[in-house]
Every structure is written in C-alpha cells, then in structure tokens.
Amino acid sequence: MEAAPEDAAWPAAARCVAHIDLDCFYAAVEELLDPSLAGKPVAVVMGLDPEGHGAVATASYAARAFGVYSAMPLHAARRLCPQLVVLPVRHGIYRRYSAQVMALLHELSPLMQQVSIDEAFVELTGRAEALSLLRTASARIGREIGLSCSFGVATSKLVAKIATDQGKPRGFVVVRPDEEAAYLAPLPVEVLWGVGPRTSARLRELDIRTLGALAAVDPVSLAPVFGSRRALELAASARGRNGSPLVLDRQYKSISSEQTLGRGGGDPHLLWHLLQRMAEDVAGRLRAEGMVARTVGIKLRYTDWRLVTRDLTLPQPVDEASRLAAVAAELMRRNWQRGTPLRLLGLRASGLAPAPAVEQLALLPLEA
Ligand code: DCP
Ligand code: MG
C-alpha cells in the first residue's frame with residue numbers, strides 16, 4: 001500500500017500509541033457468517049431465554065439508528081425496533097475472531113495490551129513508519145478477517161482511545177504530537193477515563209463542560225473540589241498528557257525458538273550448534289522489534305516426554321545472539337543430563353523491554 005501524505009513519519013522523540021477497537025464486534029461477526037443480515041437491525045443478546053428475556057450485548061449500526069444500545073433489556077430494544085433481528089451470543093466464535101485480530105496486531109509489535117475481546121493498545125514508539133503500518137493492519141483486518149475496525153493514534157493511551165471512539169465506525173484518527181490539547185478542546189469532559197456522572201456534575205457546577213474549558217482553569221482552583229492529586233491529573237489529561245504505560249499481556253511477553261530433534265538429540269555439539277542458530281533467530285526478532293530481554297530460558301523435552309524449563313534473569317538486558325547463546329549454554333550445563341537424548345530444544349527470551357536508544361547509539365562507534 002502506498003503511504004498516504006497524512007501518514008508522514010512519526011517523530012522519533014514522541015511516544016506513539018495505537019488503540020484499536022472493532023466496530024459492532026459481535027454483530028459484525030454474525031453478519032460475516034450470515035451475509036443476509038447485512039444492513040438489518042441486529043441485536044446480539046446475552047441470557048436470551050424462550051420467553052424472550054435478555055440484555056443486548058451489542059447492536060448493529062442499523063439497530064443503533066433506532067436507539068438500541070449495549071446493556072439495554074431486550075424488551076425495551078424490541079419496543080424501539082419491532083423488526084429487530086435477535087441472535088444469542090456465541091462467545092466461542094467471537095473469541096476465535098478476536099484471537100485472529102490480536103495475532104495480526106501482535107505482528108506490529110510484541111508491546112501490545114489487549115484490553116477486552118475487541119480492543120487493544122499497541123506501542124509503536126520509535127517507529128517512524130507507524131502510521132502506514134497501522135493503515136496496512138487495518139486493511140488486512142478487513143480483507144483477511146472480514147471485520148471492520150477503528151484506529152486511534154496519539155502520544156498516549158488516553159488520547160489514542162478517545163480518537164478511536166471519535167472516529168467510529170471505520171475510523172483512522174491521528175492526533176499528532178503537540179496537537180493533543182487542540183484536538184481534545186471541543187470534546188465533552190465525559191470522554192476522559194474516570195470522568196463519570198459524579199465528576200462531570202461537579203465540573204458542570206464550575207461551568208466546565210469541555211476539555212478546553214477544563215484545560216483553561218488553574219488546577220489550584222480545582223483542588224478544593226477534587227483534591228490536589230486528582231486536580232492535577234484532570235488538568236494534565238485535559239491537555240492530553242498522560243504517561244500510562246501498556247500493561248503487557250503475558251502471552252506476548254516473550255520471543256522463543258524451538259527445534260524438534262531426531263537422532264543425535266543427545267550430541268552436545270549438535271545441541272550447541274542448534275542453540276546458536278536459535279539464539280540468532282531470537283536475537284534477530286528482538287532487534288526487529290526494538291526490544292531487549294532480561295531473562296533467557298531453555299526448554300528441554302526428553303525422549304520420555306519429561307519437560308524441563310529453566311531460566312536466568314540477567315543484571316543487564318541482552319539482544320545479541322552470542323550473549324543469548326552463552327546464557328542458554330550455561331543453563332544447559334547446569335540442567336541437562338549430559339548425553340541424554342532430547343526430543344525438543346527451545347530457547348526463550350522474556351522480560352522484554354524497549355531497547356534503550358542511548359545504549360544503542362553508544363554501540364555504533366565500536367561497530368563502525
Ligand atoms: N459487550 C457486551 N456487553 C456490553 C458491551 C459490550 O457483551 N455492555 C460485548 C459485545 C460487543 C463487544 O463486547 O460487540 C465489544 O464491545 P464494544 O464496546 O467495543 O462494542 P461494539 O464493538 O459492539 O461496538 P463499537 O463499534 O461501538 O465498538
Ligand atoms: Mg468495539
């Protein structure tokens with residue numbers, strides 16, 4: 001795909017966080033599986049019983065036009081939209097689609113946080129081409145999986161998520177560095193995380209309805225109402241300043257390589273050779289992701305299926321093949337019953353963190 005002009009390079013100095021949320025997720029999957037539903041008002045309903053009780057899990061856009069929303073009792077939804085097509089939830093099917101989307105996103109970066117079944121954050125800081133990568137991912141979700149999604153891209157999770165919601169459906173909303181405050185200014189205060197009915201009522205009493213108005217007041221004047229900590233947090237959020245890091249999913253916290261062994265699975269020379277190859281593979285993927293690993297582990301499966309996994313957490317993170325292989329070899333020395341044949345050998349790097357930019361620069365003169 002050709003880079004659109006609006007997909008200009010993301011500045012290296014700024015954080016880059018993408019948020020994605022699938023459009024009308026459960027209803028979209030049902031439409032994908034039964035194209036005759038397209039364009040009809042569809043409600044996917046939880047707890048649907050033979051008497052027609054239940055609660056709307058989600059509604060298609062055609063149903064939303066009648067005022068049907070998530071969490072509404074089914075009888076109320078039917079009153080608003082008598083021709084509503086009602087389907088029971090099928091969690092197993094939605095989970096499979098969700099897993100496909102998450103796997104595709106994970107190709108962008110292992111720094112990914114799945115927030116719910118249809119929603120995730122991806123950290124793309126340091127990736128100048130972030131926007132064109134995301135646009136390609138969005139197109140692939142449509143083409144390869146058949147679902148429509150919305151993306152928000154910004155310098156924080158907070159603003160990225162707001163951008164996604166504002167662009168729905170099929171949105172791709174980019175809030176560039178330093179444009180956060182201007183982007184948020186016209187929006188109602190309720191779009192901020194944690195601003196529920198109570199906070200928004202108190203803000204209304206102070207005549208603050210938009211984020212622009214909230215950003216304009218001195219946080220000192222909010223402190224008596226909200227406490228100083230919350231007042232400062234509100235003031236920063238209203239300008240789009242929020243440093244919340246991604247909370248990484250366990251399953252995405254490692255990069256590993258495995259090799260099934262035939263004959264010769266007890267030969268130390270062969271195993272050392274394999275460890276080096278796997279270390280090169282893992283190191284290459286770590287560097288491609290811009291990551292370093294604190295923990296290196298091995299996985300040994302003996303021919304009687306006994307499984308041994310051992311790891312070592314290092315004082316300094318690593319991303320070079322030689323270091324990974326050396327640590328893995330040391331773990332082998334301590335834990336492998338030398339000469340005993342293995343069915344499988346694996347090497348795993350975990351405790352991942354973004355590679356520190358300064359250290360990488362410091363390495364350059366040595367490599368030149
Ligand atoms: N869901 C649910 N009950 C709710 C809200 C949501 O069971 N109260 C389920 C059904 C949704 C899915 O979770 O399809 C994702 O939730 P979203 O809030 O992202 O809603 P949708 O994806 O349906 O719509 P949107 O396009 O607004 O994201
Ligand atoms: Mg959604």
# chains A, B, ... in the order shown; residues from 1 in each chain; ligands from 1
>>> residues_around(residues="stretch 215-223 of chain A", least_positions_apart="2", cutoff="8 Å", atoms="only C-alpha atoms", output="PDB file with all heavy atoms, in the first residue's frame")
ATOM      1  N   ALA A 181      -3.945  18.948  22.841  1.00  0.00           N
ATOM      2  CA  ALA A 181      -4.826  19.886  23.551  1.00  0.00           C
ATOM      3  C   ALA A 181      -5.875  20.458  22.597  1.00  0.00           C
ATOM      4  O   ALA A 181      -7.056  20.538  22.930  1.00  0.00           O
ATOM      5  CB  ALA A 181      -4.009  21.002  24.197  1.00  0.00           C
ATOM      6  N   ALA A 185      -9.907  19.888  22.952  1.00  0.00           N
ATOM      7  CA  ALA A 185     -10.604  21.082  23.470  1.00  0.00           C
ATOM      8  C   ALA A 185     -12.124  21.081  23.262  1.00  0.00           C
ATOM      9  O   ALA A 185     -12.863  21.360  24.203  1.00  0.00           O
ATOM     10  CB  ALA A 185      -9.974  22.345  22.891  1.00  0.00           C
ATOM     11  N   LEU A 211     -13.260  19.800  27.441  1.00  0.00           N
ATOM     12  CA  LEU A 211     -11.871  19.620  27.860  1.00  0.00           C
ATOM     13  C   LEU A 211     -11.084  20.913  27.683  1.00  0.00           C
ATOM     14  O   LEU A 211     -10.149  21.179  28.431  1.00  0.00           O
ATOM     15  CB  LEU A 211     -11.239  18.465  27.097  1.00  0.00           C
ATOM     16  CG  LEU A 211     -11.849  17.115  27.481  1.00  0.00           C
ATOM     17  CD1 LEU A 211     -11.256  16.000  26.630  1.00  0.00           C
ATOM     18  CD2 LEU A 211     -11.635  16.819  28.959  1.00  0.00           C
ATOM     19  N   GLY A 212     -11.493  21.724  26.703  1.00  0.00           N
ATOM     20  CA  GLY A 212     -10.848  23.025  26.534  1.00  0.00           C
ATOM     21  C   GLY A 212     -11.052  23.887  27.772  1.00  0.00           C
ATOM     22  O   GLY A 212     -10.113  24.516  28.280  1.00  0.00           O
ATOM     23  N   ALA A 213     -12.279  23.875  28.297  1.00  0.00           N
ATOM     24  CA  ALA A 213     -12.584  24.667  29.500  1.00  0.00           C
ATOM     25  C   ALA A 213     -11.813  24.102  30.700  1.00  0.00           C
ATOM     26  O   ALA A 213     -11.280  24.856  31.523  1.00  0.00           O
ATOM     27  CB  ALA A 213     -14.088  24.655  29.763  1.00  0.00           C
ATOM     28  N   VAL A 225     -12.153  20.976  45.338  1.00  0.00           N
ATOM     29  CA  VAL A 225     -13.265  20.091  44.985  1.00  0.00           C
ATOM     30  C   VAL A 225     -12.791  18.640  44.822  1.00  0.00           C
ATOM     31  O   VAL A 225     -13.444  17.703  45.289  1.00  0.00           O
ATOM     32  CB  VAL A 225     -13.932  20.548  43.659  1.00  0.00           C
ATOM     33  CG1 VAL A 225     -15.178  19.727  43.367  1.00  0.00           C
ATOM     34  CG2 VAL A 225     -14.252  22.041  43.703  1.00  0.00           C
ATOM     35  N   PHE A 226     -11.647  18.467  44.168  1.00  0.00           N
ATOM     36  CA  PHE A 226     -11.233  17.103  43.789  1.00  0.00           C
ATOM     37  C   PHE A 226     -10.025  16.579  44.568  1.00  0.00           C
ATOM     38  O   PHE A 226      -9.653  15.416  44.411  1.00  0.00           O
ATOM     39  CB  PHE A 226     -10.891  17.063  42.291  1.00  0.00           C
ATOM     40  CG  PHE A 226     -12.062  17.368  41.396  1.00  0.00           C
ATOM     41  CD1 PHE A 226     -12.202  18.611  40.796  1.00  0.00           C
ATOM     42  CD2 PHE A 226     -13.040  16.406  41.170  1.00  0.00           C
ATOM     43  CE1 PHE A 226     -13.293  18.889  39.973  1.00  0.00           C
ATOM     44  CE2 PHE A 226     -14.124  16.677  40.361  1.00  0.00           C
ATOM     45  CZ  PHE A 226     -14.248  17.921  39.760  1.00  0.00           C
ATOM     46  N   GLY A 227      -9.408  17.427  45.375  1.00  0.00           N
ATOM     47  CA  GLY A 227      -8.129  17.046  45.981  1.00  0.00           C
ATOM     48  C   GLY A 227      -7.031  17.404  44.997  1.00  0.00           C
ATOM     49  O   GLY A 227      -7.255  17.389  43.785  1.00  0.00           O
ATOM     50  N   SER A 228      -5.828  17.698  45.509  1.00  0.00           N
ATOM     51  CA  SER A 228      -4.818  18.260  44.608  1.00  0.00           C
ATOM     52  C   SER A 228      -4.330  17.234  43.585  1.00  0.00           C
ATOM     53  O   SER A 228      -4.076  17.561  42.427  1.00  0.00           O
ATOM     54  CB  SER A 228      -3.645  18.840  45.404  1.00  0.00           C
ATOM     55  OG  SER A 228      -3.186  17.885  46.306  1.00  0.00           O
ATOM     56  N   ARG A 229      -4.195  15.997  44.009  1.00  0.00           N
ATOM     57  CA  ARG A 229      -3.691  14.988  43.077  1.00  0.00           C
ATOM     58  C   ARG A 229      -4.617  14.808  41.879  1.00  0.00           C
ATOM     59  O   ARG A 229      -4.189  14.838  40.724  1.00  0.00           O
ATOM     60  CB  ARG A 229      -3.572  13.681  43.854  1.00  0.00           C
ATOM     61  CG  ARG A 229      -2.643  12.721  43.219  1.00  0.00           C
ATOM     62  CD  ARG A 229      -2.666  11.454  43.996  1.00  0.00           C
ATOM     63  NE  ARG A 229      -2.603  10.361  43.052  1.00  0.00           N
ATOM     64  CZ  ARG A 229      -1.974   9.237  43.297  1.00  0.00           C
ATOM     65  NH1 ARG A 229      -1.393   9.058  44.453  1.00  0.00           N
ATOM     66  NH2 ARG A 229      -1.957   8.290  42.400  1.00  0.00           N
ATOM     67  N   ARG A 230      -5.888  14.630  42.182  1.00  0.00           N
ATOM     68  CA  ARG A 230      -6.875  14.428  41.119  1.00  0.00           C
ATOM     69  C   ARG A 230      -7.010  15.687  40.262  1.00  0.00           C
ATOM     70  O   ARG A 230      -7.210  15.603  39.043  1.00  0.00           O
ATOM     71  CB  ARG A 230      -8.207  14.060  41.774  1.00  0.00           C
ATOM     72  CG  ARG A 230      -9.361  13.894  40.838  1.00  0.00           C
ATOM     73  CD  ARG A 230      -9.472  12.466  40.335  1.00  0.00           C
ATOM     74  NE  ARG A 230     -10.675  12.301  39.515  1.00  0.00           N
ATOM     75  CZ  ARG A 230     -10.649  11.979  38.236  1.00  0.00           C
ATOM     76  NH1 ARG A 230      -9.510  11.786  37.606  1.00  0.00           N
ATOM     77  NH2 ARG A 230     -11.775  11.829  37.561  1.00  0.00           N
ATOM     78  N   ALA A 231      -6.887  16.860  40.888  1.00  0.00           N
ATOM     79  CA  ALA A 231      -6.992  18.123  40.144  1.00  0.00           C
ATOM     80  C   ALA A 231      -5.875  18.227  39.113  1.00  0.00           C
ATOM     81  O   ALA A 231      -6.113  18.579  37.949  1.00  0.00           O
ATOM     82  CB  ALA A 231      -6.937  19.316  41.103  1.00  0.00           C
ATOM     83  N   LEU A 232      -4.651  17.865  39.536  1.00  0.00           N
ATOM     84  CA  LEU A 232      -3.515  17.927  38.600  1.00  0.00           C
ATOM     85  C   LEU A 232      -3.683  16.899  37.487  1.00  0.00           C
ATOM     86  O   LEU A 232      -3.371  17.172  36.322  1.00  0.00           O
ATOM     87  CB  LEU A 232      -2.203  17.663  39.350  1.00  0.00           C
ATOM     88  CG  LEU A 232      -1.747  18.809  40.239  1.00  0.00           C
ATOM     89  CD1 LEU A 232      -0.567  18.377  41.111  1.00  0.00           C
ATOM     90  CD2 LEU A 232      -1.352  20.030  39.390  1.00  0.00           C
ATOM     91  N   ALA A 235      -6.217  18.182  35.020  1.00  0.00           N
ATOM     92  CA  ALA A 235      -5.661  19.270  34.210  1.00  0.00           C
ATOM     93  C   ALA A 235      -4.733  18.717  33.134  1.00  0.00           C
ATOM     94  O   ALA A 235      -4.769  19.149  31.969  1.00  0.00           O
ATOM     95  CB  ALA A 235      -4.916  20.259  35.110  1.00  0.00           C
ATOM     96  N   ALA A 236      -3.897  17.727  33.518  1.00  0.00           N
ATOM     97  CA  ALA A 236      -2.970  17.133  32.537  1.00  0.00           C
ATOM     98  C   ALA A 236      -3.743  16.356  31.477  1.00  0.00           C
ATOM     99  O   ALA A 236      -3.478  16.486  30.278  1.00  0.00           O
ATOM    100  CB  ALA A 236      -1.974  16.228  33.259  1.00  0.00           C
ATOM    101  N   ALA A 238      -6.744  16.769  30.434  1.00  0.00           N
ATOM    102  CA  ALA A 238      -7.492  17.659  29.547  1.00  0.00           C
ATOM    103  C   ALA A 238      -6.618  18.189  28.420  1.00  0.00           C
ATOM    104  O   ALA A 238      -7.103  18.532  27.350  1.00  0.00           O
ATOM    105  CB  ALA A 238      -8.069  18.829  30.347  1.00  0.00           C
ATOM    106  N   ARG A 239      -5.302  18.227  28.672  1.00  0.00           N
ATOM    107  CA  ARG A 239      -4.354  18.658  27.620  1.00  0.00           C
ATOM    108  C   ARG A 239      -3.799  17.457  26.861  1.00  0.00           C
ATOM    109  O   ARG A 239      -2.906  17.599  26.031  1.00  0.00           O
ATOM    110  CB  ARG A 239      -3.183  19.414  28.258  1.00  0.00           C
ATOM    111  CG  ARG A 239      -3.573  20.753  28.854  1.00  0.00           C
ATOM    112  CD  ARG A 239      -2.382  21.353  29.614  1.00  0.00           C
ATOM    113  NE  ARG A 239      -2.709  22.637  30.160  1.00  0.00           N
ATOM    114  CZ  ARG A 239      -3.380  22.825  31.293  1.00  0.00           C
ATOM    115  NH1 ARG A 239      -3.806  21.778  31.994  1.00  0.00           N
ATOM    116  NH2 ARG A 239      -3.656  24.040  31.709  1.00  0.00           N
TER     117      ARG A 239
END
>>> residues_around(residues="stretch 331-333 of chain A", least_positions_apart="5", cutoff="12 Å", atoms="only C-alpha atoms", output="PyMOL selection string")
chain A and resi 266+268+271-272+275+295-300+308-313+324-326+338-340+342+345-348
>>> residues_around(residues="A:Gln113", least_positions_apart="3", cutoff="6 Å", atoms="only C-alpha atoms", output="PDB file with N, CA and C atoms, in the first residue's frame")
ATOM      1  N   ALA A 120      -7.497  -3.214  21.825  1.00  0.00           N
ATOM      2  CA  ALA A 120      -6.093  -3.376  22.223  1.00  0.00           C
ATOM      3  C   ALA A 120      -5.312  -2.083  21.997  1.00  0.00           C
ATOM      4  N   PHE A 121      -4.213  -1.977  22.749  1.00  0.00           N
ATOM      5  CA  PHE A 121      -3.228  -0.919  22.514  1.00  0.00           C
ATOM      6  C   PHE A 121      -1.960  -1.551  21.951  1.00  0.00           C
ATOM      7  N   LEU A 246       1.757   0.672  28.709  1.00  0.00           N
ATOM      8  CA  LEU A 246       0.961  -0.509  28.376  1.00  0.00           C
ATOM      9  C   LEU A 246       1.194  -1.576  29.441  1.00  0.00           C
ATOM     10  N   VAL A 247       0.166  -2.317  29.748  1.00  0.00           N
ATOM     11  CA  VAL A 247       0.299  -3.456  30.648  1.00  0.00           C
ATOM     12  C   VAL A 247       0.352  -4.670  29.728  1.00  0.00           C
ATOM     13  N   LEU A 248       1.537  -5.248  29.622  1.00  0.00           N
ATOM     14  CA  LEU A 248       1.715  -6.261  28.588  1.00  0.00           C
ATOM     15  C   LEU A 248       1.008  -7.562  28.926  1.00  0.00           C
ATOM     16  N   ASP A 249       0.493  -8.184  27.885  1.00  0.00           N
ATOM     17  CA  ASP A 249      -0.159  -9.473  28.064  1.00  0.00           C
ATOM     18  C   ASP A 249       0.907 -10.530  28.282  1.00  0.00           C
TER      19      ASP A 249
END
>>> select_by_dssp(residues="stretch 55-264 of chain A", states="alpha helix (DSSP H)", output="PyMOL selection string")
chain A and resi 61-64+74-80+91-106+130-140+157-167+180-184+197-205+211-216+219-226+228-238
>>> closest_residue(among="A:Pro73, A:Gly265, A:Pro354, A:Pro224", to="ligand 1", atoms="only C-alpha atoms and all ligand atoms")
A:Pro73
>>> atom_distance(atom1="atom CA of A:Ala321", atom2="atom CA of A:Val122")
26.1 Å
>>> select_by_dssp(residues="stretch 228-288 of chain A", states="strand (DSSP E or B)", output="PDB file with C-alpha atoms, in the first residue's frame")
ATOM      1  CA  SER A 254       8.490 -13.498  25.210  1.00  0.00           C
ATOM      2  CA  ILE A 255      10.149 -14.409  21.933  1.00  0.00           C
ATOM      3  CA  SER A 256      11.183 -18.006  21.516  1.00  0.00           C
ATOM      4  CA  SER A 257      12.515 -20.528  19.073  1.00  0.00           C
ATOM      5  CA  GLU A 258      12.188 -24.306  19.255  1.00  0.00           C
ATOM      6  CA  GLN A 259      13.567 -27.219  17.342  1.00  0.00           C
ATOM      7  CA  THR A 260      12.348 -30.799  17.319  1.00  0.00           C
TER       8      THR A 260
END
>>> residues_around(residues="A:Arg15", least_positions_apart="5", cutoff="8 Å", atoms="only C-alpha atoms", output="ChimeraX atom specification")
/A:124-126,154-156
>>> write_last_selection(atoms="N, CA, C and O atoms", output="PDB file, in the first residue's frame")
ATOM      1  N   LEU A 124       4.119   1.832  19.482  1.00  0.00           N
ATOM      2  CA  LEU A 124       4.941   1.894  18.270  1.00  0.00           C
ATOM      3  C   LEU A 124       5.988   3.007  18.359  1.00  0.00           C
ATOM      4  O   LEU A 124       6.490   3.485  17.335  1.00  0.00           O
ATOM      5  N   THR A 125       6.319   3.385  19.590  1.00  0.00           N
ATOM      6  CA  THR A 125       7.300   4.441  19.798  1.00  0.00           C
ATOM      7  C   THR A 125       8.622   4.077  19.106  1.00  0.00           C
ATOM      8  O   THR A 125       9.054   2.932  19.180  1.00  0.00           O
ATOM      9  N   GLY A 126       9.184   5.062  18.421  1.00  0.00           N
ATOM     10  CA  GLY A 126      10.460   4.833  17.737  1.00  0.00           C
ATOM     11  C   GLY A 126      10.297   4.271  16.330  1.00  0.00           C
ATOM     12  O   GLY A 126      11.287   4.044  15.646  1.00  0.00           O
ATOM     13  N   ALA A 154      -1.939   8.278  18.869  1.00  0.00           N
ATOM     14  CA  ALA A 154      -1.598   9.504  19.591  1.00  0.00           C
ATOM     15  C   ALA A 154      -0.357   9.257  20.443  1.00  0.00           C
ATOM     16  O   ALA A 154       0.270   8.200  20.347  1.00  0.00           O
ATOM     17  N   THR A 155      -0.033  10.226  21.283  1.00  0.00           N
ATOM     18  CA  THR A 155       1.162  10.097  22.127  1.00  0.00           C
ATOM     19  C   THR A 155       0.847   9.466  23.482  1.00  0.00           C
ATOM     20  O   THR A 155       1.723   9.372  24.332  1.00  0.00           O
ATOM     21  N   SER A 156      -0.410   9.080  23.709  1.00  0.00           N
ATOM     22  CA  SER A 156      -0.765   8.428  24.976  1.00  0.00           C
ATOM     23  C   SER A 156      -1.912   7.462  24.734  1.00  0.00           C
ATOM     24  O   SER A 156      -2.640   7.587  23.740  1.00  0.00           O
TER      25      SER A 156
END
>>> residues_near_ligand(ligand="ligand 2", cutoff="12 Å", atoms="only C-alpha atoms and all ligand atoms", output="ChimeraX atom specification")
/A:19-29,57-61,70,94,98,115-120,147-151,161,164-165,167-171
>>> closest_residue(among="A:Ala160, A:Ala14, A:Val85, A:Met72", to="ligand 1", atoms="only C-alpha atoms and all ligand atoms")
A:Met72
>>> atom_distance(atom1="atom CA of A:Ala279", atom2="atom CA of A:Leu352")
15.2 Å
>>> closest_residue(among="A:Leu214, A:Glu205, A:Gly240, A:Arg343", to="A:Asp178", atoms="only C-alpha atoms")
A:Gly240
>>> atom_distance(atom1="atom CA of A:Met46", atom2="atom CA of A:Pro88")
6.3 Å
>>> residues_around(residues="A:Val318", least_positions_apart="4", cutoff="8 Å", atoms="only C-alpha atoms", output="list of chain:residue names")
A:Val292, A:Ala293, A:Arg294, A:Arg323, A:Leu324
>>> closest_residue(among="A:Leu131, A:Ala103, A:Leu108, A:Ile162", to="ligand 1", atoms="only C-alpha atoms and all ligand atoms")
A:Ile162
